[in-house]
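Shown next: structure34.txt, given as compact mmCIF, C-alpha atoms and all ligand atoms.
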# COMPACT_ATOMS: atom_id res chain seq x y z
CA MET A 17 0.00 0.00 0.00
CA PHE A 18 2.72 2.42 0.93
CA PHE A 19 4.47 1.63 -2.32
CA PHE A 20 1.36 2.45 -4.32
CA ILE A 21 0.84 5.75 -2.59
CA SER A 22 4.42 6.85 -3.04
CA ILE A 23 4.29 6.05 -6.77
CA ALA A 24 1.09 8.06 -7.10
CA GLY A 25 2.71 10.83 -5.09
CA LEU A 26 5.70 10.81 -7.40
CA PHE A 27 3.45 11.20 -10.41
CA VAL A 28 1.74 14.21 -8.96
CA ALA A 29 5.04 15.66 -7.84
CA SER A 30 6.61 15.24 -11.27
CA CYS A 31 3.59 16.82 -12.95
CA ALA A 32 3.70 19.71 -10.53
CA ALA A 33 7.38 20.13 -11.27
CA GLN A 34 6.69 20.29 -15.00
CA VAL A 35 3.95 22.75 -14.38
CA GLN A 36 6.32 24.97 -12.44
CA GLN A 37 8.99 24.58 -15.03
CA ASN A 38 6.65 25.57 -17.85
CA GLY A 39 5.31 28.69 -16.25
CA ALA A 40 2.06 29.90 -14.79
CA VAL A 41 -0.07 26.78 -14.96
CA GLY A 42 -0.98 27.15 -11.33
CA ASP A 43 -2.40 23.99 -9.83
CA THR A 44 -3.27 22.14 -13.05
CA VAL A 45 -2.29 18.51 -12.59
CA CYS A 46 -2.46 15.98 -15.41
CA ARG A 47 -5.06 13.45 -14.35
CA GLU A 48 -4.96 11.86 -17.80
CA TYR A 49 -2.02 10.71 -19.87
CA ASN A 50 -2.86 12.95 -22.83
CA THR A 51 -5.44 15.70 -22.68
CA TYR A 52 -6.14 19.44 -22.71
CA TYR A 53 -7.46 21.63 -19.93
CA LYS A 54 -9.03 25.03 -20.34
CA ILE A 55 -7.52 27.83 -18.27
CA GLN A 56 -10.08 29.61 -16.12
CA GLY A 57 -10.73 33.17 -17.22
CA SER A 58 -9.06 32.76 -20.60
CA CYS A 59 -10.53 32.19 -24.06
CA ASP A 60 -7.34 31.07 -25.70
CA SER A 61 -4.95 29.63 -23.12
CA TYR A 62 -4.85 25.99 -22.12
CA VAL A 63 -2.73 23.29 -20.58
CA GLU A 64 -1.67 20.41 -22.76
CA CYS A 65 -0.86 17.16 -20.99
CA ASN A 66 1.40 14.90 -22.97
CA ALA A 67 2.45 11.71 -21.17
CA TYR A 68 1.38 13.41 -17.90
CA LYS A 69 3.63 16.37 -18.69
CA ALA A 70 1.75 19.66 -18.43
CA THR A 71 2.62 22.52 -20.74
CA TYR A 72 1.02 25.93 -20.70
CA LYS A 73 0.05 27.10 -24.18
CA THR A 74 -1.79 29.95 -25.84
CA CYS A 75 -3.55 29.80 -29.19
CA PRO A 76 -2.28 32.13 -31.94
CA ASP A 77 -3.81 35.62 -31.70
CA GLY A 78 -7.35 35.56 -33.10
CA LEU A 79 -8.06 31.89 -32.34
CA TYR A 80 -9.88 30.46 -29.30
CA PHE A 81 -9.46 27.27 -27.35
CA ILE A 82 -12.07 24.62 -28.22
CA ARG A 83 -13.30 23.54 -24.80
CA ASP A 84 -14.56 20.04 -25.68
CA VAL A 85 -11.64 19.21 -27.97
CA GLU A 86 -10.13 15.74 -27.71
CA TRP A 87 -6.41 15.15 -27.70
CA PRO A 88 -4.53 15.15 -30.12
CA THR A 89 -6.79 17.35 -32.27
CA TYR A 90 -5.37 20.87 -32.66
CA PRO A 91 -7.25 22.68 -29.88
CA CYS A 92 -7.51 26.18 -31.38
CA ALA A 93 -10.15 27.37 -33.83
CA TYR A 94 -11.66 30.51 -35.32
CA PRO A 95 -14.16 32.26 -33.06
CA SER A 96 -16.95 30.98 -35.34
CA ASP A 97 -16.07 27.44 -34.24
CA ALA A 98 -14.99 27.94 -30.63
CA GLN A 99 -16.56 29.96 -27.85
CA CYS A 100 -15.28 32.71 -25.64
CA ASP A 101 -17.63 33.22 -22.70
CA ALA A 102 -18.40 36.59 -21.19
CA GLN A 103 -16.36 35.83 -18.07
CA ASP A 104 -13.30 34.86 -20.13
CA ALA A 105 -10.91 37.15 -21.99
CA PRO A 106 -8.59 36.54 -24.92
CA GLN A 107 -4.93 37.55 -25.01
CA LYS A 108 -4.05 41.10 -26.01
CA ALA A 109 -4.50 41.49 -29.78
CA MET A 110 -1.39 41.63 -31.93
CA PRO A 111 -2.63 43.67 -34.89
CA THR A 112 -0.68 44.47 -38.02
CA GLU A 113 -1.31 47.26 -40.49
CA ASP A 114 -3.73 45.03 -42.43
CA CYS A 115 -5.13 42.72 -39.76
CA LYS A 116 -6.68 43.35 -36.37
CA HIS A 117 -5.60 39.88 -35.26
CA GLN A 118 -2.86 37.60 -36.52
CA TYR A 119 -5.50 35.07 -37.61
CA GLY A 120 -9.11 35.38 -38.60
CA PHE A 121 -11.72 36.46 -41.11
CA PHE A 122 -12.49 40.14 -41.19
CA ALA A 123 -14.38 42.73 -43.21
CA SER A 124 -12.55 43.68 -46.38
CA PRO A 125 -12.02 47.32 -47.33
CA LEU A 126 -12.96 46.20 -50.87
CA ALA A 127 -16.48 45.15 -49.83
CA THR A 128 -19.45 47.45 -50.37
CA ARG A 129 -23.16 47.11 -49.57
CA SER A 130 -23.79 45.89 -53.10
CA ASP A 131 -20.64 43.77 -53.33
CA CYS A 132 -20.68 42.03 -49.97
CA GLY A 133 -19.12 38.67 -50.77
CA LYS A 134 -15.61 39.99 -50.22
CA TYR A 135 -13.73 39.45 -46.98
CA ARG A 136 -10.21 39.41 -45.65
CA MET A 137 -8.42 36.37 -44.30
CA CYS A 138 -5.46 36.99 -42.02
CA VAL A 139 -2.69 34.45 -41.62
CA GLU A 140 0.24 35.38 -39.41
CA GLY A 141 -0.90 38.99 -39.68
CA LYS A 142 -0.80 38.93 -43.49
CA ALA A 143 -4.02 39.80 -45.36
CA PHE A 144 -5.49 37.77 -48.19
CA GLU A 145 -8.55 39.08 -50.03
CA MET A 146 -11.16 36.34 -50.41
CA GLU A 147 -14.66 35.91 -51.77
CA CYS A 148 -17.60 33.90 -50.41
CA SER A 149 -19.20 31.27 -52.64
CA MET A 150 -21.53 32.73 -55.22
CA GLY A 151 -24.68 34.16 -53.66
CA LEU A 152 -23.32 34.35 -50.11
CA ALA A 153 -22.29 37.48 -48.22
CA PHE A 154 -19.61 37.90 -45.59
CA ASN A 155 -20.97 38.56 -42.13
CA PRO A 156 -18.36 40.52 -40.14
CA GLU A 157 -20.21 39.74 -36.89
CA THR A 158 -19.84 35.98 -37.19
CA GLY A 159 -16.77 35.87 -39.44
CA ARG A 160 -18.64 33.59 -41.82
CA CYS A 161 -20.25 33.62 -45.22
CA ASP A 162 -23.99 33.75 -44.82
CA TRP A 163 -27.26 34.37 -46.69
CA PRO A 164 -27.16 38.02 -47.79
CA ASP A 165 -30.57 38.73 -46.23
CA LEU A 166 -29.07 37.84 -42.82
CA VAL A 167 -26.12 40.22 -43.16
CA PRO A 168 -27.00 43.75 -41.97
CA THR A 169 -24.10 45.33 -43.85
CA CYS A 170 -25.32 43.90 -47.17
CA ASP A 171 -27.95 45.19 -49.58
CA ALA A 172 -29.10 41.72 -50.61
CA GLU A 173 -31.14 42.81 -53.64
CA ALA A 174 -28.34 44.93 -55.01
CA TYR A 175 -25.79 42.21 -54.37
CA LEU A 176 -27.83 39.39 -55.93
CA GLY A 177 -29.21 41.63 -58.67
CA PHE A 178 -32.64 40.19 -58.06
CA LYS A 179 -35.81 41.35 -56.40
CA CYS A 180 -38.50 38.89 -55.37
CA PRO A 181 -42.14 39.62 -56.05
CA PRO A 182 -44.22 40.36 -52.95
CA ALA A 183 -44.76 37.33 -50.72
CA THR A 184 -47.85 35.18 -51.21
CA TYR A 185 -49.43 32.99 -48.53
CA ASP A 186 -51.51 29.84 -48.44
CA GLU A 187 -54.81 29.54 -46.56
CA PHE A 188 -52.94 28.83 -43.31
CA GLY A 189 -50.82 31.96 -43.64
CA LYS A 190 -47.71 30.04 -44.61
CA ALA A 191 -45.54 31.80 -47.20
CA TYR A 192 -45.18 30.13 -50.58
CA VAL A 193 -41.69 29.40 -51.83
CA VAL A 194 -41.25 30.30 -55.48
CA ASN A 195 -38.28 29.41 -57.67
CA PHE A 196 -37.01 31.54 -60.55
CA SER A 197 -34.66 30.46 -63.29
CA ILE A 198 -31.66 32.58 -64.18
CA LYS A 199 -31.03 33.33 -67.82
CA GLY A 200 -27.83 31.69 -68.97
CA SER A 201 -27.49 29.41 -65.94
CA CYS A 202 -28.48 25.75 -65.85
CA TYR A 203 -27.67 25.06 -62.22
CA TYR A 204 -28.24 28.22 -60.24
CA PHE A 205 -31.68 29.60 -59.47
CA PHE A 206 -33.31 32.11 -57.15
CA SER A 207 -35.66 30.93 -54.49
CA CYS A 208 -38.00 33.48 -52.94
CA MET A 209 -39.64 33.15 -49.56
CA GLU A 210 -41.44 35.99 -47.82
CA GLY A 211 -40.10 38.29 -50.53
CA VAL A 212 -36.49 37.38 -49.70
CA ALA A 213 -34.24 35.94 -52.41
CA ARG A 214 -31.53 33.34 -52.01
CA LEU A 215 -29.30 32.07 -54.77
CA LEU A 216 -29.32 28.27 -54.77
CA LEU A 217 -27.45 25.66 -56.73
CA CYS A 218 -28.97 22.34 -57.83
CA ASP A 219 -27.41 19.23 -56.31
CA GLU A 220 -24.82 17.37 -58.35
CA GLY A 221 -26.38 15.60 -61.33
CA TYR A 222 -29.37 17.95 -61.33
CA ALA A 223 -30.11 21.00 -63.44
CA PHE A 224 -32.78 23.66 -63.05
CA ASP A 225 -35.76 22.92 -65.23
CA SER A 226 -37.59 26.17 -65.95
CA THR A 227 -40.69 24.31 -67.17
CA VAL A 228 -41.37 23.00 -63.65
CA ASN A 229 -39.22 25.53 -61.73
CA ARG A 230 -37.20 23.00 -59.82
CA CYS A 231 -34.05 20.90 -60.13
CA MET A 232 -34.44 17.73 -62.18
CA ASP A 233 -32.17 14.98 -63.48
CA ALA A 234 -29.65 16.96 -65.55
CA ARG A 235 -29.74 14.45 -68.41
CA ARG A 236 -33.41 15.27 -69.00
CA VAL A 237 -33.18 19.03 -68.70
CA GLN A 238 -32.98 21.05 -71.89
CA CYS A 239 -30.51 23.73 -70.98
CA GLN A 240 -27.45 25.31 -72.43
CA GLU A 241 -25.10 27.12 -70.10
CA GLY A 242 -24.58 30.75 -71.06
CA GLN A 243 -27.48 30.99 -73.55
C1 LIG A 301 -37.53 24.95 -55.71
O1 LIG A 301 -36.46 24.12 -56.13
C2 LIG A 301 -36.01 23.21 -55.14
C3 LIG A 301 -34.84 22.46 -55.73
O2 LIG A 301 -35.22 21.63 -56.76
C4 LIG A 301 -37.13 22.27 -54.76
O3 LIG A 301 -36.71 21.42 -53.71
C5 LIG A 301 -38.33 23.06 -54.29
O4 LIG A 301 -39.40 22.19 -54.07
C6 LIG A 301 -38.71 24.08 -55.36
N1 LIG A 301 -39.81 24.87 -54.84
C7 LIG A 301 -40.93 25.04 -55.54
C8 LIG A 301 -41.99 25.81 -54.86
O5 LIG A 301 -41.09 24.60 -56.66
Written as structure tokens, that's how I'd like the structure from this file.
Ligand SMILES: *[C@@H]1O[C@H](CO)[C@@H](O)[C@H](O)[C@H]1NC(C)=O
Amino acid sequence: MFFFISIAGLFVASCAAQVQQNGAVGDTVCREYNTYYKIQGSCDSYVECNAYKATYKTCPDGLYFIRDVEWPTYPCAYPSDAQCDAQDAPQKAMPTEDCKHQYGFFASPLATRSDCGKYRMCVEGKAFEMECSMGLAFNPETGRCDWPDLVPTCDAEAYLGFKCPPATYDEFGKAYVVNFSIKGSCYYFFSCMEGVARLLLCDEGYAFDSTVNRCMDARRVQCQEGQ
């Protein structure tokens, strides 16, 4: 029994020593061989335990620690995929001339209300100008590409170049969805609901059939791209 306890004690002691050695990990002790622990009060710092050895780490500026991440997955992610709670704070930002954080997706100076698919991706503080998939707008609040009607900084009609007719409702007050073909496109179409347009793309193998206003088996749809 004494033997067992002293071995266990050694383990804890050696972890504690590592913790000390690696800086301000406080009282974090590795209870598992390999794992991550969140640091209280921080959005982006964590302890990594590797073979019971604790190391204090901080995500790159602009990324947050993923609290339910499983070792050995990389534990840092964009704020759109990891949370930072109100009681936690991230590290001090390390902005560059072009980027407010070293990493992340930010509003682009090239974007306008009618051209809202543009955004800026920052990697190691360097800016890359990017564009959302066709028909989607960048939402600076979430750092994601989203439906233009959900992005306050976007004039969806101007951006899509399409205005839906006024909404129509069935006898239960439910809005009808209406599809519209796009001249010159076999696969994209506009779908209107409650007067709001979204640009959709038929699934693979399907093409938009303007005789029935929906996607059908592409081999049976008479359509020529660009005509
Ligand atoms: C619009 O097109 C989609 C895709 O084919 C289809 O699922 C949907 O039922 C269509 N809506 C209407 C009202 O035709």
Distance filter 7 Å around ligand LIG 301 (chain A), atoms: only C-alpha atoms and all ligand atoms, out as a compact mmCIF listing (two decimals) with C-alpha atoms, in the frame of the given file:
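What landed in out05.txt:
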# COMPACT_ATOMS: atom_id res chain seq x y z
CA TYR A 192 -45.18 30.13 -50.58
CA VAL A 193 -41.69 29.40 -51.83
CA VAL A 194 -41.25 30.30 -55.48
CA ASN A 195 -38.28 29.41 -57.67
CA SER A 207 -35.66 30.93 -54.49
CA CYS A 218 -28.97 22.34 -57.83
CA ASN A 229 -39.22 25.53 -61.73
CA ARG A 230 -37.20 23.00 -59.82
CA CYS A 231 -34.05 20.90 -60.13
CA MET A 232 -34.44 17.73 -62.18
Atom CA of A:Ala153 to atom CA of A:Met137, distance in Å rounded to a single decimal: 14.5 Å
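You can rank A:Leu126, A:Ala143, A:Tyr80, A:Trp87 by their closest distance to A:Asp114 using all atoms listed in the file, and at the top of that list sits A:Ala143.
Pairwise distance (atom CA of A:Ala174, atom CA of A:Met150) equals 14.0 Å.
Using only C-alpha atoms, the shortest contact distance between A:Cys208 and any of A:Glu187, A:Glu147, A:Glu48, A:Asp165 is found at A:Asp165.
Between atom CA of A:Gln107 and atom CA of A:Asp77 the interatomic distance comes to 7.1 Å.
With all atoms listed in the file as the atoms that count, the residue of A:Tyr204, A:Lys116, A:Ala67, A:Met209 with the shortest distance to A:Lys190 is A:Met209.
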Smallest atom-to-atom distance to A:Pro106: which of A:Cys161, A:Ile55, A:Cys239, A:Val45, using all atoms listed in the file? A:Ile55
At a cut-off of 9 Å around the point (5.2, 14.5, -20.3) (file coordinates), what residues fall inside when counting all atoms listed in the file? I'd like the answer as a PyMOL selection string. chain A and resi 31+34+49-50+65-71
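Closest approach to A:Asp104 among A:Cys148, A:Cys59, A:Cys92, A:Cys132 is made by A:Cys59 (distances from all atoms listed in the file).
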Mind giving me the axis-aligned box for stretch 53-56 of chain A with 8 Å on every side, centre plus edges in Å to one decimal, as JSON?
{"center_x": -8.8, "center_y": 25.6, "center_z": -18.2, "size_x": 18.6, "size_y": 24.0, "size_z": 20.2}
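Distance check against A:Pro164 using only C-alpha atoms: of A:Thr184, A:Thr51, A:Ser130, A:Thr112, the minimum falls on A:Ser130.
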Nearby residues (all atoms listed in the file) at most 10 Å from A:Trp163, same-chain spacing under 5 positions excluded, as number ranges by chain: A: 151-155, 170, 172, 213-215
Give me a file of those residues, with C-alpha atoms, as a CSV table (one decimal), in the frame of the given file.
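This is the output file result36.csv:
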chain,number,residue,atom,x,y,z
A,151,GLY,CA,-24.7,34.2,-53.7
A,152,LEU,CA,-23.3,34.4,-50.1
A,153,ALA,CA,-22.3,37.5,-48.2
A,154,PHE,CA,-19.6,37.9,-45.6
A,155,ASN,CA,-21.0,38.6,-42.1
A,170,CYS,CA,-25.3,43.9,-47.2
A,172,ALA,CA,-29.1,41.7,-50.6
A,213,ALA,CA,-34.2,35.9,-52.4
A,214,ARG,CA,-31.5,33.3,-52.0
A,215,LEU,CA,-29.3,32.1,-54.8
Residue neighbourhood A:His117, 9 Å, all atoms listed in the file, exclusion window fewer than 5 positions, as an mmCIF file with C-alpha atoms, in the frame of the given file:
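Saved file selection00.cif follows:
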data_model
loop_
_atom_site.group_PDB
_atom_site.id
_atom_site.type_symbol
_atom_site.label_atom_id
_atom_site.label_comp_id
_atom_site.auth_asym_id
_atom_site.auth_seq_id
_atom_site.Cartn_x
_atom_site.Cartn_y
_atom_site.Cartn_z
ATOM 1 C CA ASP A 77 -3.810 35.620 -31.700
ATOM 2 C CA GLY A 78 -7.350 35.560 -33.100
ATOM 3 C CA LEU A 79 -8.060 31.890 -32.340
ATOM 4 C CA ALA A 109 -4.500 41.490 -29.780
ATOM 5 C CA MET A 110 -1.390 41.630 -31.930
ATOM 6 C CA PRO A 111 -2.630 43.670 -34.890
ATOM 7 C CA THR A 112 -0.680 44.470 -38.020
ATOM 8 C CA CYS A 138 -5.460 36.990 -42.020
ATOM 9 C CA VAL A 139 -2.690 34.450 -41.620
ATOM 10 C CA GLU A 140 0.240 35.380 -39.410
ATOM 11 C CA GLY A 141 -0.900 38.990 -39.680
#
